[in-house]
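Colleague: This one is start_36.cif, mmCIF, C-alpha atoms.
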data_protein
loop_
_atom_site.label_atom_id
_atom_site.label_comp_id
_atom_site.auth_asym_id
_atom_site.auth_seq_id
_atom_site.Cartn_x
_atom_site.Cartn_y
_atom_site.Cartn_z
CA MET A 22 -129.38 169.22 -5.16
CA ALA A 23 -126.23 169.86 -3.16
CA ASP A 24 -123.73 167.03 -2.69
CA SER A 25 -124.69 166.67 0.97
CA ALA A 26 -126.51 168.49 3.72
CA ILE A 27 -123.30 168.75 5.76
CA ASP A 28 -121.80 170.99 3.06
CA LEU A 29 -124.75 173.34 3.37
CA ARG A 30 -124.42 173.35 7.15
CA ARG A 31 -120.74 174.27 6.94
CA MET A 32 -121.52 177.03 4.47
CA SER A 33 -124.27 178.27 6.80
CA ASN A 34 -121.78 178.51 9.66
CA GLN A 35 -119.38 180.47 7.44
CA ILE A 36 -122.09 182.85 6.38
CA ARG A 37 -123.02 183.46 10.00
CA ARG A 38 -119.40 184.53 10.54
CA ASP A 39 -119.67 186.83 7.53
CA ILE A 40 -122.87 188.39 8.85
CA LEU A 41 -121.32 189.10 12.24
CA GLU A 42 -118.23 190.63 10.65
CA MET A 43 -120.30 192.87 8.38
CA ILE A 44 -122.46 194.17 11.21
CA TYR A 45 -119.45 194.63 13.49
CA LEU A 46 -117.37 196.51 10.90
CA GLY A 47 -120.38 198.38 9.52
CA GLY A 48 -121.38 199.71 12.93
CA GLY A 49 -124.87 198.26 12.80
CA GLY A 50 -127.37 196.20 10.89
CA HIS A 51 -130.04 193.60 11.55
CA PRO A 52 -128.45 190.51 13.10
CA GLY A 53 -131.65 188.81 14.29
CA GLY A 54 -133.45 188.39 10.98
CA SER A 55 -130.22 187.88 9.05
CA LEU A 56 -129.14 184.96 11.22
CA SER A 57 -132.58 183.36 11.12
CA SER A 58 -132.65 183.25 7.31
CA VAL A 59 -129.17 181.80 6.71
CA GLU A 60 -130.05 178.20 5.85
CA ILE A 61 -132.87 179.34 3.56
CA LEU A 62 -130.53 181.51 1.51
CA VAL A 63 -127.72 178.95 1.54
CA CYS A 64 -130.09 176.28 0.26
CA LEU A 65 -131.36 178.59 -2.48
CA TYR A 66 -127.98 179.83 -3.69
CA PHE A 67 -126.03 176.59 -3.38
CA SER A 68 -128.66 173.99 -4.26
CA ILE A 69 -131.87 175.33 -5.78
CA LEU A 70 -131.57 178.46 -7.90
CA ARG A 71 -130.70 178.26 -11.58
CA LEU A 72 -128.17 181.08 -11.93
CA ARG A 73 -124.84 182.23 -13.34
CA PRO A 74 -122.88 184.35 -10.86
CA ASP A 75 -120.55 185.55 -13.63
CA ASP A 76 -123.60 186.69 -15.66
CA PRO A 77 -126.10 188.09 -13.12
CA GLY A 78 -128.46 189.31 -15.84
CA TRP A 79 -128.68 185.93 -17.59
CA PRO A 80 -132.20 185.95 -19.11
CA GLU A 81 -132.95 182.33 -18.15
CA ARG A 82 -132.02 182.69 -14.49
CA ASP A 83 -134.39 181.99 -11.65
CA ARG A 84 -135.19 185.17 -9.76
CA LEU A 85 -135.04 185.66 -6.01
CA VAL A 86 -136.83 188.58 -4.38
CA LEU A 87 -135.64 189.34 -0.85
CA SER A 88 -138.73 191.03 0.54
CA LYS A 89 -137.32 191.16 4.09
CA GLY A 90 -134.62 193.57 2.98
CA HIS A 91 -133.22 194.06 6.47
CA ALA A 92 -131.65 190.59 6.05
CA ALA A 93 -129.28 192.11 3.48
CA PRO A 94 -126.13 190.84 5.28
CA ALA A 95 -127.29 187.24 4.80
CA LEU A 96 -128.06 187.90 1.14
CA TYR A 97 -124.70 189.56 0.50
CA ALA A 98 -122.76 186.80 2.21
CA ALA A 99 -124.54 184.10 0.21
CA MET A 100 -123.95 186.00 -3.03
CA ALA A 101 -120.27 186.55 -2.29
CA ARG A 102 -119.65 182.94 -1.31
CA ARG A 103 -121.50 181.85 -4.48
CA GLY A 104 -119.16 183.99 -6.60
CA TYR A 105 -121.12 187.11 -7.52
CA PHE A 106 -118.37 189.38 -6.16
CA PRO A 107 -115.16 189.02 -4.11
CA VAL A 108 -115.67 187.96 -0.49
CA ASP A 109 -113.38 190.78 0.66
CA GLN A 110 -116.02 193.24 -0.53
CA LEU A 111 -118.26 192.18 2.35
CA ARG A 112 -116.06 194.29 4.62
CA THR A 113 -117.43 197.44 2.91
CA PHE A 114 -120.95 196.78 4.24
CA GLY A 115 -122.75 200.00 5.12
CA GLN A 116 -119.88 202.27 4.14
CA PRO A 117 -120.50 205.39 2.02
CA GLY A 118 -120.33 204.54 -1.66
CA SER A 119 -120.41 200.78 -1.10
CA ALA A 120 -122.65 198.59 -3.24
CA LEU A 121 -123.51 196.75 -0.03
CA GLN A 122 -125.87 199.05 1.76
CA LYS A 123 -127.90 198.05 4.81
CA HIS A 124 -130.86 197.32 2.55
CA PRO A 125 -130.29 195.90 -0.94
CA ASP A 126 -130.09 198.30 -3.90
CA MET A 127 -130.56 196.66 -7.31
CA ARG A 128 -129.00 199.69 -9.00
CA ARG A 129 -125.71 199.17 -7.18
CA LEU A 130 -125.28 195.41 -6.95
CA PRO A 131 -125.80 193.14 -9.98
CA GLY A 132 -127.72 190.04 -8.99
CA VAL A 133 -130.07 191.86 -6.60
CA GLU A 134 -133.55 191.65 -8.11
CA LEU A 135 -135.34 194.21 -5.91
CA SER A 136 -134.40 197.29 -3.91
CA ALA A 137 -136.05 196.31 -0.63
CA GLY A 138 -136.82 198.08 2.59
CA SER A 139 -140.55 198.69 2.98
CA LEU A 140 -141.95 195.39 4.19
CA GLY A 141 -144.89 193.86 2.37
CA HIS A 142 -143.89 194.87 -1.17
CA GLY A 143 -141.72 191.96 -2.19
CA LEU A 144 -144.39 189.34 -2.77
CA SER A 145 -146.31 191.74 -5.04
CA VAL A 146 -143.17 192.30 -7.10
CA ALA A 147 -142.57 188.55 -7.29
CA VAL A 148 -146.16 188.02 -8.46
CA GLY A 149 -145.59 190.56 -11.21
CA MET A 150 -142.40 188.82 -12.29
CA ALA A 151 -144.05 185.40 -12.32
CA LEU A 152 -147.08 186.69 -14.23
CA ALA A 153 -144.83 188.31 -16.85
CA ASP A 154 -142.92 185.03 -17.23
CA GLN A 155 -146.19 183.14 -17.61
CA ILE A 156 -147.35 185.53 -20.33
CA ASP A 157 -143.98 185.32 -22.10
CA GLY A 158 -143.81 181.53 -21.78
CA LYS A 159 -140.49 181.60 -19.90
CA ASP A 160 -139.30 178.40 -18.28
CA ARG A 161 -137.96 179.72 -15.00
CA ARG A 162 -139.11 180.19 -11.44
CA VAL A 163 -139.51 183.19 -9.15
CA TYR A 164 -138.73 182.81 -5.45
CA ALA A 165 -139.64 185.31 -2.74
CA LEU A 166 -138.25 185.32 0.80
CA ILE A 167 -140.73 187.04 3.08
CA SER A 168 -141.02 187.43 6.85
CA ASP A 169 -143.85 186.41 9.12
CA GLY A 170 -144.07 189.91 10.56
CA GLU A 171 -144.71 191.48 7.18
CA CYS A 172 -147.74 189.24 6.76
CA GLN A 173 -149.49 191.77 8.97
CA GLU A 174 -149.49 193.95 5.82
CA GLY A 175 -152.63 193.80 3.70
CA GLN A 176 -150.65 194.04 0.48
CA VAL A 177 -149.22 190.56 1.11
CA TRP A 178 -152.71 189.09 0.95
CA GLU A 179 -153.67 191.04 -2.16
CA ALA A 180 -150.59 189.54 -3.80
CA ALA A 181 -151.52 186.09 -2.49
CA MET A 182 -154.98 186.37 -4.03
CA ALA A 183 -153.58 187.46 -7.38
CA ALA A 184 -151.01 184.64 -7.48
CA SER A 185 -153.73 182.07 -6.91
CA ALA A 186 -156.15 183.69 -9.36
CA PHE A 187 -153.56 183.63 -12.14
CA GLY A 188 -152.39 180.12 -11.33
CA LEU A 189 -148.77 181.15 -10.84
CA ASP A 190 -147.40 177.69 -10.12
CA ARG A 191 -143.83 178.76 -10.88
CA LEU A 192 -143.90 181.16 -7.94
CA ILE A 193 -142.44 179.81 -4.69
CA ALA A 194 -142.50 181.93 -1.56
CA VAL A 195 -140.55 181.12 1.61
CA MET A 196 -141.59 182.61 4.93
CA ASP A 197 -138.91 183.06 7.59
CA CYS A 198 -141.10 182.23 10.58
CA ASN A 199 -138.95 183.52 13.44
CA ARG A 200 -142.04 184.79 15.32
CA MET A 201 -140.56 188.20 16.11
CA GLN A 202 -140.49 191.73 14.70
CA VAL A 203 -138.88 195.01 15.64
CA ASP A 204 -141.29 195.71 18.53
CA GLY A 205 -141.54 192.24 20.04
CA PHE A 206 -143.22 188.89 19.47
CA ILE A 207 -145.73 188.78 16.63
CA ASP A 208 -148.39 187.15 18.79
CA ASP A 209 -148.22 190.12 21.18
CA ILE A 210 -148.54 192.73 18.43
CA MET A 211 -150.82 191.41 15.67
CA PRO A 212 -151.24 187.63 15.62
CA ILE A 213 -151.21 185.94 12.21
CA GLN A 214 -151.95 182.35 13.21
CA PRO A 215 -153.11 179.93 11.91
CA ILE A 216 -150.79 180.99 9.10
CA ASP A 217 -150.81 177.65 7.26
CA ALA A 218 -154.60 177.65 7.08
CA LYS A 219 -154.62 181.24 5.84
CA TRP A 220 -152.32 180.47 2.91
CA ARG A 221 -154.34 177.39 2.00
CA ALA A 222 -157.53 179.45 2.12
CA PHE A 223 -155.92 181.84 -0.37
CA GLY A 224 -155.35 178.96 -2.78
CA TRP A 225 -151.67 178.18 -2.12
CA ALA A 226 -149.99 174.84 -1.63
CA VAL A 227 -148.17 174.83 1.73
CA GLU A 228 -145.06 173.06 3.00
CA GLN A 229 -143.87 173.45 6.61
CA VAL A 230 -140.27 172.61 7.57
CA ASP A 231 -137.46 173.24 10.02
CA GLY A 232 -135.88 176.36 8.53
CA HIS A 233 -132.46 175.47 9.95
CA ASP A 234 -132.32 172.01 8.35
CA PRO A 235 -130.87 172.31 4.82
CA TYR A 236 -131.92 168.79 3.89
CA ALA A 237 -135.53 169.45 4.92
CA LEU A 238 -135.48 172.71 2.96
CA GLU A 239 -134.17 170.93 -0.14
CA GLN A 240 -137.01 168.42 0.10
CA ALA A 241 -139.57 171.19 0.54
CA PHE A 242 -138.26 173.05 -2.51
CA ALA A 243 -138.37 169.81 -4.51
CA ALA A 244 -142.01 169.33 -3.53
CA ALA A 245 -142.82 172.94 -4.38
CA ARG A 246 -141.35 172.54 -7.85
CA GLU A 247 -143.93 169.87 -8.66
CA SER A 248 -146.32 172.02 -10.66
CA ASP A 249 -149.99 171.58 -9.83
CA GLY A 250 -151.50 174.88 -10.97
CA ARG A 251 -151.05 176.64 -7.62
CA PRO A 252 -148.38 178.94 -6.15
CA HIS A 253 -146.42 177.39 -3.29
CA ILE A 254 -145.23 178.67 0.06
CA ILE A 255 -142.70 177.06 2.38
CA LEU A 256 -143.23 177.97 6.02
CA ALA A 257 -139.72 177.73 7.48
CA ASP A 258 -139.72 177.55 11.27
CA THR A 259 -136.67 179.47 12.47
CA VAL A 260 -135.11 181.10 15.52
CA LYS A 261 -134.37 184.80 15.39
CA GLY A 262 -130.64 185.30 15.88
CA LYS A 263 -129.94 181.58 15.33
CA GLY A 264 -126.43 180.44 16.24
CA VAL A 265 -125.51 183.11 18.80
CA SER A 266 -127.03 182.45 22.22
CA PHE A 267 -127.07 186.05 23.46
CA ILE A 268 -128.88 187.16 20.27
CA GLU A 269 -131.40 184.34 19.94
CA ASN A 270 -135.02 185.38 20.59
CA ARG A 271 -133.98 188.78 21.97
CA VAL A 272 -136.09 191.59 20.55
CA GLU A 273 -133.37 194.20 21.04
CA TRP A 274 -131.22 192.33 18.50
CA HIS A 275 -133.62 192.94 15.64
CA SER A 276 -131.40 195.91 14.79
CA HIS A 277 -128.27 196.33 16.89
CA PRO A 278 -124.52 196.91 16.51
CA LEU A 279 -121.93 194.49 17.87
CA SER A 280 -119.25 195.61 20.28
CA GLU A 281 -115.76 194.14 19.85
CA GLU A 282 -116.32 191.90 22.86
CA GLN A 283 -119.70 190.70 21.56
CA TYR A 284 -118.26 190.09 18.10
CA HIS A 285 -115.44 187.88 19.35
CA SER A 286 -117.75 186.08 21.78
CA ALA A 287 -120.17 185.28 18.95
CA LEU A 288 -117.37 184.00 16.71
CA ALA A 289 -116.08 181.81 19.53
CA GLU A 290 -119.53 180.31 19.96
CA LEU A 291 -119.80 179.55 16.24
CA ASP A 292 -116.32 177.98 16.32
CA ALA A 293 -117.32 175.81 19.27
CA ASN A 294 -120.42 174.61 17.42
CA GLU A 295 -118.59 173.85 14.17
CA GLY A 296 -119.08 170.21 13.36
CA ALA A 297 -121.45 169.62 16.27
CA PRO A 298 -124.39 167.30 15.53
CA ALA A 299 -127.36 169.10 14.01
#
Translate this file's structure into structure tokens.

Modeller:
Amino acid sequence: MADSAIDLRRMSNQIRRDILEMIYLGGGGHPGGSLSSVEILVCLYFSILRLRPDDPGWPERDRLVLSKGHAAPALYAAMARRGYFPVDQLRTFGQPGSALQKHPDMRRLPGVELSAGSLGHGLSVAVGMALADQIDGKDRRVYALISDGECQEGQVWEAAMAASAFGLDRLIAVMDCNRMQVDGFIDDIMPIQPIDAKWRAFGWAVEQVDGHDPYALEQAFAAARESDGRPHIILADTVKGKGVSFIENRVEWHSHPLSEEQYHSALAELDANEGAPA
């Protein structure tokens, strides 16, 4: 566990600044889904995951699969702040030859477990990893960060069935439930509710928390680590574009560049909210 939730909140605010800078300097990216997943990734990297940033291939590490690969800026910022690579490298986001492309590439950046982009694949990969660990008797966990929109993909539910059938109780999925996708609100495109009941029907244990409350996330991960023969999923209720008022819940900000004026306005808003009550 982290020393205190306030440390995780401060780190989350810093990572939001990093995300905005990357997208501004990189000329584009996915601010909405990156900003919504910040606290989830901060909690994982700074409180939950067993890892060694100076040895990304450490055989005993926990593994994190970022299935929603468009949230790469949030992943990169968390990795940099955790010590995987110098923070200054974040400024190369999206540039030719950079290891920090707009979707993660495991061949370029040590510590990335999956080259992601096509939604729906990540949970299947995580199931394969967890099943291999179960067969090999490895004492580690596999985490998968998925999006609610990608649960419209049938492959997600095939993976869910397999995880339950094989009793993969060291697999923990987290769903960033920001209720939006590239074309609009999920309920207007292909509704997935009641999502908690669906996961339970597929044999998973389910936790539901405020995805912007690091303390609540820590408690949910602690509960999920209590092995009971089932895979676990944490449904993290979030706001797309969280932290920047002109981005929050705006479909056009799923993928959008930041102008200089917008960039500085967003930073000013984050500065104003620094230290404000949660």

Colleague: Quick check on the file I pasted: which residues fall under the PyMOL selection byres ((chain A and resi 46-48) around 7)? Write them as a list in words.

Modeller: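 In the shown coordinates, the PyMOL selection byres ((chain A and resi 46-48) around 7) covers Glu42, Met43, Ile44, Tyr45, Gly49, Arg112, Phe114, Gly115, Gln116 and Pro278 of chain A.
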
Colleague: Find, counting all atoms listed in the file, the residue in A:Ala293, A:Ala222, A:Leu166, A:Val133 that gets nearest to Ser145 of chain A.

Modeller: A:Leu166

Colleague: The PyMOL selection byres ((chain A and resi 191) around 12) on the file shown: which residues, as a PyMOL selection string?

Modeller: chain A and resi 83-84+147-155+158-165+184-185+187-190+192-194+225-226+242+245-254

Colleague: Go through A:Ala257, A:Arg129, A:Glu228, A:Ser266 one by one, measure the shortest atom-to-atom distance of each to Ala244 of chain A using all atoms listed in the file, and give the residue with the smallest value.

Modeller: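 The closest residue to Ala244 of chain A is A:Glu228.
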
Colleague: Residues proximal to (-136.2, 190.4, 18.8) were defined as those with any atom within 8 Å of that point in the file's coordinates, counting only C-alpha atoms. Which are they, as a ChimeraX atom specification?

Modeller: /A:53,201-206,261,269-275

Colleague: In terms of the shortest atom-to-atom distance over only C-alpha atoms, which of A:Leu121, A:Cys64, A:Cys198, A:Leu70 is closest to Val260 of chain A?

Modeller: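 Between A:Leu121, A:Cys64, A:Cys198, A:Leu70, the residue approaching Val260 of chain A most closely is A:Cys198.
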
Colleague: Can you work out the spacing between atom CA of Gly104 of chain A and atom CA of Leu87 of chain A in Å, to one decimal?

Modeller: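 According to the coordinates, atom CA of Gly104 of chain A and atom CA of Leu87 of chain A are separated by 18.3 Å.
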
Colleague: Nearest to Val265 of chain A among A:Gln110, A:Ser139, A:Asn294, A:Ser68, with distances taken over all atoms listed in the file: which residue is it?

Modeller: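 The shortest atom-to-atom distance to Val265 of chain A comes from A:Asn294.
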